[in-house]
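To be precise, the following lines are target_19.cif, and they hold mmCIF, C-alpha atoms.
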```cif
data_coords
loop_
_atom_site.label_atom_id
_atom_site.label_comp_id
_atom_site.auth_asym_id
_atom_site.auth_seq_id
_atom_site.Cartn_x
_atom_site.Cartn_y
_atom_site.Cartn_z
CA MET A 1 0.00 0.00 0.00
CA THR A 2 2.83 2.36 0.82
CA LEU A 3 4.40 1.51 -2.53
CA ALA A 4 1.20 2.42 -4.33
CA LEU A 5 1.19 5.74 -2.52
CA VAL A 6 4.68 6.50 -3.78
CA CYS A 7 3.64 5.82 -7.35
CA LEU A 8 0.44 7.84 -7.14
CA ALA A 9 2.05 10.93 -5.68
CA GLY A 10 4.16 11.58 -8.77
CA PRO A 11 6.53 14.51 -9.15
CA VAL A 12 6.19 17.54 -6.90
CA ARG A 13 6.76 21.11 -8.03
CA ALA A 14 10.33 22.41 -8.13
CA ALA A 15 11.86 24.20 -5.15
CA ASP A 16 11.63 27.95 -4.75
CA ILE A 17 15.01 28.91 -3.31
CA GLU A 18 18.54 27.69 -4.04
CA ALA A 19 21.14 27.62 -1.27
CA LYS A 20 24.68 26.29 -1.19
CA LEU A 21 27.12 24.94 1.38
CA THR A 22 30.70 23.85 0.92
CA ILE A 23 32.64 21.38 3.04
CA ARG A 24 36.36 22.07 3.23
CA ASP A 25 38.81 20.71 5.81
CA HIS A 26 35.81 19.08 7.56
CA LYS A 27 34.14 22.45 8.10
CA PHE A 28 31.02 23.99 6.59
CA GLU A 29 31.34 27.21 4.63
CA PRO A 30 29.48 29.32 5.45
CA ALA A 31 28.99 28.01 8.99
CA GLN A 32 25.84 30.12 9.18
CA LEU A 33 23.52 30.16 6.20
CA THR A 34 20.50 32.47 6.09
CA VAL A 35 17.45 31.45 4.07
CA PRO A 36 13.96 32.92 3.83
CA ALA A 37 11.34 31.40 6.09
CA GLY A 38 8.24 29.92 4.50
CA ALA A 39 9.91 28.86 1.25
CA LYS A 40 11.01 25.49 0.00
CA ILE A 41 14.80 25.34 -0.31
CA ARG A 42 16.96 23.33 -2.62
CA LEU A 43 20.19 23.04 -0.65
CA SER A 44 23.26 21.80 -2.50
CA ILE A 45 26.29 20.72 -0.53
CA GLU A 46 29.66 20.38 -2.19
CA ASN A 47 32.30 18.32 -0.43
CA GLN A 48 35.75 19.59 -1.45
CA ASP A 49 37.47 17.14 0.87
CA ALA A 50 38.65 13.80 -0.46
CA THR A 51 36.89 11.93 2.36
CA PRO A 52 33.15 11.22 2.68
CA GLU A 53 30.90 13.18 5.03
CA GLU A 54 27.32 12.80 6.18
CA PHE A 55 25.23 15.95 6.26
CA GLU A 56 22.85 15.58 9.17
CA SER A 57 20.41 17.71 11.10
CA HIS A 58 18.01 16.58 13.80
CA GLU A 59 16.13 19.87 13.63
CA LEU A 60 15.68 19.66 9.86
CA ASN A 61 15.14 15.89 9.98
CA ARG A 62 17.66 15.31 7.20
CA GLU A 63 20.63 13.03 6.63
CA LYS A 64 22.55 12.35 3.46
CA ILE A 65 25.99 11.00 2.62
CA VAL A 66 28.18 13.18 0.43
CA VAL A 67 31.17 11.32 -0.99
CA GLY A 68 34.63 12.85 -1.29
CA ASN A 69 34.70 15.57 -3.98
CA GLY A 70 30.99 15.04 -4.51
CA THR A 71 27.89 17.24 -4.41
CA ILE A 72 24.45 16.40 -3.04
CA THR A 73 21.09 18.09 -3.09
CA VAL A 74 18.72 18.08 -0.13
CA PHE A 75 15.24 19.58 -0.15
CA ILE A 76 14.26 21.48 2.97
CA GLY A 77 11.28 23.43 4.22
CA PRO A 78 9.17 25.49 4.00
CA LEU A 79 10.63 26.39 7.40
CA ASP A 80 9.27 28.43 10.28
CA ALA A 81 11.58 31.29 11.26
CA GLY A 82 14.28 30.00 13.59
CA ARG A 83 17.68 28.39 13.90
CA TYR A 84 18.30 24.89 12.56
CA PRO A 85 21.70 23.46 13.51
CA PHE A 86 23.31 20.88 11.21
CA PHE A 87 26.54 18.92 11.38
CA GLY A 88 28.82 16.53 9.55
CA ASP A 89 28.25 13.20 11.28
CA PHE A 90 31.73 11.93 10.37
CA HIS A 91 33.58 14.98 11.75
CA GLN A 92 31.38 16.39 14.47
CA GLU A 93 34.24 18.17 16.27
CA THR A 94 34.69 20.61 13.38
CA ALA A 95 31.78 20.20 10.95
CA GLN A 96 29.09 22.27 12.68
CA GLY A 97 26.80 24.85 11.18
CA VAL A 98 23.42 26.45 11.46
CA LEU A 99 20.69 27.34 9.00
CA VAL A 100 18.84 30.51 9.95
CA ALA A 101 15.36 30.93 8.50
CA GLN A 102 14.01 34.48 8.71
CA MET B 1 39.52 6.06 19.20
CA LEU B 2 36.61 7.18 21.40
CA GLY B 3 35.10 9.25 18.59
CA THR B 4 35.38 6.31 16.19
CA GLY B 5 33.92 4.01 18.83
CA LEU B 6 30.95 6.31 19.41
CA LEU B 7 29.99 6.54 15.76
CA VAL B 8 30.39 2.79 15.25
CA PHE B 9 28.37 2.20 18.42
CA ARG B 10 25.44 4.34 17.22
CA GLU B 11 25.25 2.54 13.90
CA VAL B 12 25.78 -0.96 15.31
CA LEU B 13 23.17 -0.26 17.99
CA GLU B 14 20.47 0.47 15.41
CA ALA B 15 21.15 -2.75 13.53
CA ALA B 16 21.55 -4.75 16.76
CA LEU B 17 18.14 -3.64 18.07
CA ILE B 18 16.44 -4.86 14.91
CA VAL B 19 18.37 -8.14 14.95
CA SER B 20 17.35 -8.63 18.61
CA ILE B 21 13.66 -8.31 17.80
CA VAL B 22 14.07 -10.74 14.91
CA CYS B 23 15.90 -13.18 17.23
CA ALA B 24 13.13 -12.94 19.79
CA ALA B 25 10.45 -13.40 17.15
CA THR B 26 12.21 -16.54 15.89
CA ARG B 27 12.64 -18.00 19.35
CA GLY B 28 12.70 -21.77 19.28
CA VAL B 29 13.10 -22.08 15.51
CA ALA B 30 15.56 -24.81 14.60
CA GLY B 31 18.58 -23.43 12.71
CA ARG B 32 17.70 -19.86 13.59
CA GLY B 33 21.33 -18.97 14.27
CA ARG B 34 22.19 -19.94 10.71
CA TRP B 35 19.43 -17.72 9.28
CA VAL B 36 20.31 -14.70 11.38
CA GLY B 37 24.03 -15.27 10.79
CA SER B 38 23.49 -15.40 7.03
CA GLY B 39 21.47 -12.19 7.23
CA VAL B 40 24.25 -10.41 9.11
CA GLY B 41 26.87 -11.78 6.70
CA ALA B 42 24.89 -10.68 3.65
CA GLY B 43 24.36 -7.29 5.27
CA VAL B 44 28.06 -6.74 5.90
CA LEU B 45 28.88 -7.75 2.33
CA GLY B 46 26.14 -5.45 1.03
CA ALA B 47 27.40 -2.61 3.24
CA ILE B 48 30.87 -2.82 1.70
CA LEU B 49 29.39 -2.89 -1.81
CA VAL B 50 27.07 0.06 -1.14
CA ALA B 51 29.94 2.05 0.37
CA ALA B 52 32.21 1.22 -2.57
CA PHE B 53 29.57 2.41 -5.04
CA ALA B 54 28.33 5.31 -2.89
CA ASN B 55 29.24 7.85 -5.55
CA VAL B 56 27.41 5.89 -8.26
CA ILE B 57 24.28 5.55 -6.10
CA ALA B 58 24.41 9.23 -5.10
CA ALA B 59 24.69 10.42 -8.70
CA ALA B 60 21.95 8.10 -10.00
CA ILE B 61 18.49 9.37 -10.99
CA SER B 62 19.56 13.03 -11.10
CA GLY B 63 20.98 13.07 -7.60
CA ILE B 64 18.20 11.38 -5.65
CA GLY B 65 19.59 7.85 -6.00
CA GLN B 66 20.63 7.69 -2.36
CA GLU B 67 17.15 8.56 -1.08
CA LEU B 68 15.39 6.25 -3.53
CA PHE B 69 17.77 3.41 -2.64
CA ASN B 70 17.22 3.91 1.10
CA ALA B 71 13.46 4.25 0.74
CA SER B 72 13.28 1.14 -1.47
CA ILE B 73 15.18 -1.15 0.85
CA LEU B 74 13.30 0.21 3.88
CA LEU B 75 9.97 -0.48 2.19
CA ALA B 76 11.21 -3.93 1.18
CA ALA B 77 11.95 -4.59 4.86
CA VAL B 78 8.45 -3.35 5.74
CA VAL B 79 6.86 -5.82 3.32
CA MET B 80 8.99 -8.68 4.69
CA ILE B 81 8.08 -7.87 8.29
CA ALA B 82 4.40 -7.57 7.37
CA TRP B 83 4.46 -10.96 5.68
CA HIS B 84 6.10 -12.60 8.67
CA ALA B 85 3.93 -10.84 11.27
CA ILE B 86 0.72 -11.86 9.53
CA TRP B 87 1.98 -15.43 9.11
CA MET B 88 2.85 -15.52 12.79
CA ALA B 89 -0.54 -14.17 13.81
CA SER B 90 -2.15 -17.21 12.25
CA HIS B 91 0.42 -19.72 13.53
CA GLY B 92 1.81 -18.12 16.72
CA ARG B 93 -0.68 -19.81 19.04
CA GLU B 94 0.31 -23.26 17.80
CA LEU B 95 3.96 -22.29 18.18
CA SER B 96 3.46 -21.16 21.80
CA ALA B 97 1.56 -24.33 22.62
CA HIS B 98 4.15 -26.45 20.85
CA MET B 99 7.06 -24.79 22.62
CA LYS B 100 5.50 -25.40 26.00
CA SER B 101 5.21 -29.10 25.30
CA VAL B 102 8.37 -29.89 23.37
CA GLY B 103 10.72 -27.12 24.43
CA ASN B 104 12.85 -25.52 21.81
CA ALA B 105 12.49 -28.09 19.07
CA VAL B 106 9.82 -26.42 16.96
CA GLN B 107 10.29 -26.95 13.26
CA ALA B 108 10.43 -23.94 10.99
CA GLY B 109 7.98 -25.59 8.58
CA SER B 110 6.57 -23.21 5.99
CA ARG B 111 7.46 -20.18 8.04
CA PRO B 112 8.81 -17.30 5.93
CA LEU B 113 12.24 -17.17 7.60
CA SER B 114 13.82 -15.88 4.41
CA ALA B 115 11.75 -12.73 4.92
CA LEU B 116 13.47 -12.15 8.25
CA LEU B 117 16.88 -12.94 6.78
CA ILE B 118 16.26 -10.08 4.35
CA VAL B 119 15.17 -7.76 7.20
CA VAL B 120 18.39 -8.52 9.12
CA ALA B 121 20.50 -8.06 5.99
CA ILE B 122 18.86 -4.70 5.22
CA ALA B 123 19.32 -3.43 8.78
CA VAL B 124 23.01 -4.37 8.77
CA LEU B 125 23.54 -3.05 5.24
CA ARG B 126 22.03 0.37 5.98
CA GLU B 127 23.96 1.06 9.15
CA GLY B 128 27.05 -0.82 8.00
CA SER B 129 27.53 1.18 4.80
CA GLU B 130 27.75 4.37 6.88
CA VAL B 131 30.33 2.76 9.14
CA VAL B 132 32.39 1.62 6.16
CA LEU B 133 32.35 5.11 4.59
CA PHE B 134 33.24 6.71 7.91
CA LEU B 135 36.12 4.30 8.54
CA TYR B 136 37.37 4.76 5.00
CA GLY B 137 37.45 8.52 5.60
CA GLN B 138 39.25 8.06 8.91
CA ALA B 139 41.83 5.77 7.36
CA ALA B 140 42.33 8.14 4.42
CA SER B 141 42.90 11.03 6.83
CA GLY B 142 45.69 9.07 8.44
CA ALA B 143 44.05 7.58 11.52
CA GLY B 144 46.22 4.84 12.99
CA VAL B 145 45.33 1.18 12.66
CA ALA B 146 45.32 0.72 16.44
CA ALA B 147 42.94 3.64 17.01
CA LEU B 148 40.62 2.43 14.26
CA THR B 149 40.48 -1.21 15.33
CA GLY B 150 40.13 -0.13 18.95
CA GLY B 151 37.23 2.14 18.01
CA ILE B 152 35.55 -0.54 15.92
CA ALA B 153 35.90 -3.07 18.74
CA LEU B 154 34.48 -0.64 21.32
CA GLY B 155 31.55 0.29 19.09
CA VAL B 156 30.68 -3.22 18.00
CA ILE B 157 30.94 -4.70 21.50
CA GLY B 158 28.87 -1.86 22.97
CA GLY B 159 26.18 -2.03 20.30
CA VAL B 160 25.89 -5.81 20.37
CA ALA B 161 25.78 -5.76 24.19
CA VAL B 162 22.73 -3.48 24.16
CA GLY B 163 21.16 -5.77 21.55
CA PHE B 164 21.66 -8.75 23.86
CA LEU B 165 20.15 -6.81 26.76
CA LEU B 166 17.03 -6.16 24.73
CA TYR B 167 16.89 -9.79 23.60
CA PHE B 168 17.14 -11.22 27.10
CA GLY B 169 14.68 -8.62 28.31
CA LEU B 170 12.20 -9.81 25.71
CA LEU B 171 12.76 -13.44 26.72
CA GLY B 172 11.31 -12.45 30.10
CA ILE B 173 7.87 -12.04 28.53
CA PRO B 174 5.65 -14.95 29.63
CA MET B 175 5.35 -17.66 26.96
CA ARG B 176 1.62 -17.23 26.74
CA TYR B 177 1.97 -13.69 25.39
CA PHE B 178 5.43 -14.05 23.89
CA PHE B 179 4.69 -14.32 20.16
CA SER B 180 1.87 -11.82 20.19
CA ALA B 181 4.23 -9.42 21.99
CA THR B 182 7.06 -9.89 19.48
CA ASN B 183 4.52 -9.63 16.69
CA TRP B 184 3.33 -6.24 17.93
CA LEU B 185 6.96 -5.17 18.23
CA MET B 186 7.47 -6.20 14.61
CA LEU B 187 4.40 -4.18 13.62
CA LEU B 188 5.78 -1.04 15.29
CA LEU B 189 9.23 -1.68 13.81
CA ALA B 190 7.73 -1.93 10.31
CA ALA B 191 5.67 1.24 10.82
CA GLY B 192 8.81 3.08 11.94
CA LEU B 193 10.78 1.89 8.92
CA ALA B 194 7.94 3.04 6.63
CA SER B 195 8.06 6.46 8.28
CA GLN B 196 11.84 6.61 7.69
CA ALA B 197 11.25 5.71 4.04
CA ALA B 198 8.76 8.57 3.77
CA GLY B 199 11.41 10.88 5.25
CA PHE B 200 13.85 9.99 2.48
CA LEU B 201 11.21 10.50 -0.21
CA ILE B 202 10.39 13.94 1.23
CA GLN B 203 14.09 14.82 1.34
CA ALA B 204 14.37 13.88 -2.34
CA ASP B 205 11.25 15.94 -3.14
CA VAL B 206 9.52 12.86 -4.56
CA LEU B 207 6.68 13.18 -2.04
CA PRO B 208 5.21 16.30 -0.43
CA ALA B 209 5.93 16.67 3.30
CA LEU B 210 2.27 17.44 4.16
CA GLY B 211 3.57 19.68 6.92
CA ASN B 212 7.21 19.71 7.94
CA ARG B 213 6.72 19.46 11.66
CA ILE B 214 3.33 18.22 12.74
CA TRP B 215 4.49 18.29 16.36
CA ASP B 216 7.75 18.89 18.19
CA THR B 217 8.60 16.80 21.23
CA SER B 218 12.36 17.38 20.98
CA ALA B 219 12.36 19.22 24.33
CA LEU B 220 10.87 16.08 25.88
CA LEU B 221 12.91 13.47 24.02
CA SER B 222 15.34 14.59 21.33
CA ASN B 223 16.14 12.53 18.24
CA ALA B 224 19.80 13.06 19.13
CA SER B 225 19.61 11.39 22.55
CA LEU B 226 20.44 7.72 22.98
CA MET B 227 16.90 6.95 24.15
CA GLY B 228 15.47 8.95 21.25
CA LYS B 229 17.63 7.02 18.79
CA THR B 230 16.72 3.68 20.36
CA LEU B 231 13.00 4.41 20.22
CA HIS B 232 13.45 5.78 16.71
CA THR B 233 14.77 2.39 15.61
CA LEU B 234 12.37 0.27 17.64
CA ILE B 235 9.02 2.03 17.21
CA GLY B 236 9.81 4.83 14.75
CA TYR B 237 9.85 7.64 17.33
CA ASP B 238 10.43 11.01 15.71
CA ALA B 239 10.50 14.26 17.69
CA GLN B 240 9.52 16.32 14.63
CA PRO B 241 7.68 14.14 12.15
CA ALA B 242 6.44 15.37 8.78
CA GLY B 243 2.81 14.74 7.90
CA MET B 244 3.70 12.22 5.19
CA GLN B 245 5.77 10.22 7.70
CA ILE B 246 2.72 9.94 9.95
CA VAL B 247 0.62 8.84 6.97
CA PHE B 248 3.14 6.09 6.12
CA TYR B 249 3.37 5.06 9.77
CA ALA B 250 -0.39 4.83 10.19
CA ILE B 251 -1.05 3.02 6.91
CA THR B 252 1.63 0.42 7.66
CA ALA B 253 0.51 -0.15 11.24
CA ILE B 254 -3.16 -0.41 10.26
CA ALA B 255 -2.48 -2.67 7.27
CA ILE B 256 -0.40 -5.12 9.33
CA GLY B 257 -2.83 -4.91 12.25
CA VAL B 258 -5.81 -5.65 10.01
CA GLY B 259 -3.86 -8.45 8.31
CA MET B 260 -3.07 -10.01 11.67
CA LYS B 261 -6.71 -9.78 12.74
CA LEU B 262 -8.10 -11.13 9.47
CA TRP B 263 -5.80 -14.13 9.21
CA GLY B 264 -4.86 -14.51 12.84
CA ASN B 265 -8.20 -14.88 14.53
CA PRO B 266 -8.59 -18.55 15.51
CA ALA B 267 -12.25 -18.11 16.48
CA ARG B 268 -13.11 -16.83 13.04
CA ALA B 269 -11.04 -19.53 11.37
CA SER B 270 -12.79 -22.29 13.33
CA ARG B 271 -16.20 -20.70 12.67
CA GLN B 272 -15.46 -20.82 8.98
CA ALA B 273 -14.32 -24.40 9.32
CA SER B 274 -17.53 -25.44 11.10
CA ALA B 275 -19.64 -23.51 8.63
CA ALA B 276 -17.95 -25.38 5.80
CA ALA B 277 -18.50 -28.72 7.52
#
```

For the file at hand, write its structure as structure tokens.
Amino acid sequence: MTLALVCLAGPVRAADIEAKLTIRDHKFEPAQLTVPAGAKIRLSIENQDATPEEFESHELNREKIVVGNGTITVFIGPLDAGRYPFFGDFHQETAQGVLVAQ
Amino acid sequence: MLGTGLLVFREVLEAALIVSIVCAATRGVAGRGRWVGSGVGAGVLGAILVAAFANVIAAAISGIGQELFNASILLAAVVMIAWHAIWMASHGRELSAHMKSVGNAVQAGSRPLSALLIVVAIAVLREGSEVVLFLYGQAASGAGVAALTGGIALGVIGGVAVGFLLYFGLLGIPMRYFFSATNWLMLLLAAGLASQAAGFLIQADVLPALGNRIWDTSALLSNASLMGKTLHTLIGYDAQPAGMQIVFYAITAIAIGVGMKLWGNPARASRQASAAA
């Protein structure tokens, strides 16, 4: 039944806002990213390190692996205004950032 | 070493919890160790393959290959658990009765054990592929062999230990209720996996979220906490679920519940039998 649901839903409209993060030396750049509240966001994350990372956020309810020298896209929102911390699961000491919706 | 151990622990824990429930649900089945062992083995092999081809999977289907892959194998696990739970609902009573009389020598018979092998393999594959990628990154960044193996050992031992705790805890359930209890656990597990699958499909923009945050209980029990993670794996707890996740959760739980009632009600089955006679 769940499978049927997936098929029925079909494609959803494209995202409104593009945003971009870069991972370099196991850090996010920028470490604070501001996006408009109330809009769907297409967030692309480019990993310039040679090693894999996992983009993760409990507040955004997202997790996705980004391989070394790879780029991923994650769809987020529409968000309420607020701060949404995210981190790199594989390098949590350094890979910390926050998405600010306003 | 501690950092490595912690990450490995978190991933192993999630797989170990699922394997524990499967072990409890297959209590008394002859050759169960072989089935579960094969599932773990297949999962580890799959994890290495998935990690090795992570870039291919990620790039597939215009960048949403990872989400579609995760959602597909999660939904496959849901179907397998549903099949087994419904089968058990119609045969569990005989199994309980049988186990009381002949101890642990119940034959597997026509029981869909292969379904559970697949569930174990999928659980290990999903968590394992993250561990493999993480360890690869650590090794590539020059982490020492001793620190890595020490971390792996710590994480695996810790995760498996918690799995054993859960398993022996479940064994404490009285025999009379045992299989219906494990069956309900399987139902909640499947519903949680379906909700996770929905999360991936929302992340990939394949499905609408139907509300990003229907409620927020993260102040009460955060997804990041150990208890939050454990309940996330076991019953699909989510501090901030999207509407579509709730829809998937409810549909799965209701479908399996109805299936168990329809095929698992001995009174109805015997009524039908007497009506036919």

Check your understanding: Which distance in Å separates CA of Ala190 (chain B) and CA of Tyr237 (chain B), to one decimal?
Key ->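 If I compute the distance from CA of Ala190 (chain B) to CA of Tyr237 (chain B), I get 12.1 Å.
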
Check your understanding: Can you list, as a PyMOL selection string, every protein, DNA or RNA residue that comes within 8 Å of region 16-27 of chain B when you count all atoms listed in the file, leaving out same-chain residues fewer than 5 positions away?
Key -> chain B and resi 32+36+104+116+120+123+159-160+162-164+166-167+170-171+179+182-183+185-186+189+230+233-234

Check your understanding: Neighbours of Gly41 (chain B) within 9 Å (all atoms listed in the file; same-chain residues fewer than 5 positions away dropped), as a list of chain:residue names?
Key ->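 Once the nearby chain positions are removed, what remains is B:Val36, B:Gly46, B:Ala121, B:Val124.
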
Review point. Using all atoms listed in the file, which residues sit within 10 Å of Ala19 (chain A) once same-chain residues fewer than 4 positions away are excluded, as number ranges by chain?
Key: A: 33-35, 41-45, 73-74

Kindly assemble as a tab-separated table a list of the chain A residues that lie within 6 Å of chain B, each paired with its nearest atom pair and their distance in Å to one decimal, using only C-alpha atoms, sorted first by chain and then by ascending residue number.
```
residue	atom	partner	partner_atom	distance
A:Pro11	CA	B:Val206	CA	5.7
A:Thr51	CA	B:Gly137	CA	4.7
A:Pro52	CA	B:Gly137	CA	5.9
A:Val74	CA	B:Gln203	CA	5.9
A:Phe75	CA	B:Gln203	CA	5.1
A:Phe90	CA	B:Phe134	CA	6.0
```

Practice item. Figure out the distance between CA of Ala77 (chain B) and CA of Arg176 (chain B), please, to one decimal in Å. Key: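 CA of Arg176 (chain B) sits 27.3 Å away from CA of Ala77 (chain B).
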
Exercise for review: Find the distance between CA of Pro174 (chain B) and CA of Ala30 (chain B) and write it in Å to one decimal.
Suggested key: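 Straight-line distance from CA of Pro174 (chain B) to CA of Ala30 (chain B) works out to 20.5 Å.
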
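Near Ala37 (chain A), within a cut-off of 9 Å and counting all atoms listed in the file, sit the residues Val35, Ala39, Lys40, Gly77, Pro78, Leu79, Asp80, Ala81, Gly82, Val100, Ala101 and Gln102 of chain A, with same-chain residues fewer than 2 positions away left out.
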
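What the PyMOL selection byres ((chain A and resi 29) around 12) matches in the given file is Ala19, Lys20, Leu21, Thr22, Ile23, Arg24, Asp25, His26, Lys27, Phe28, Pro30, Ala31, Gln32, Leu33, Ile45, Glu46, Asn47, Gln48, Phe87, Thr94, Ala95, Gln96, Gly97, Val98 and Leu99 of chain A.
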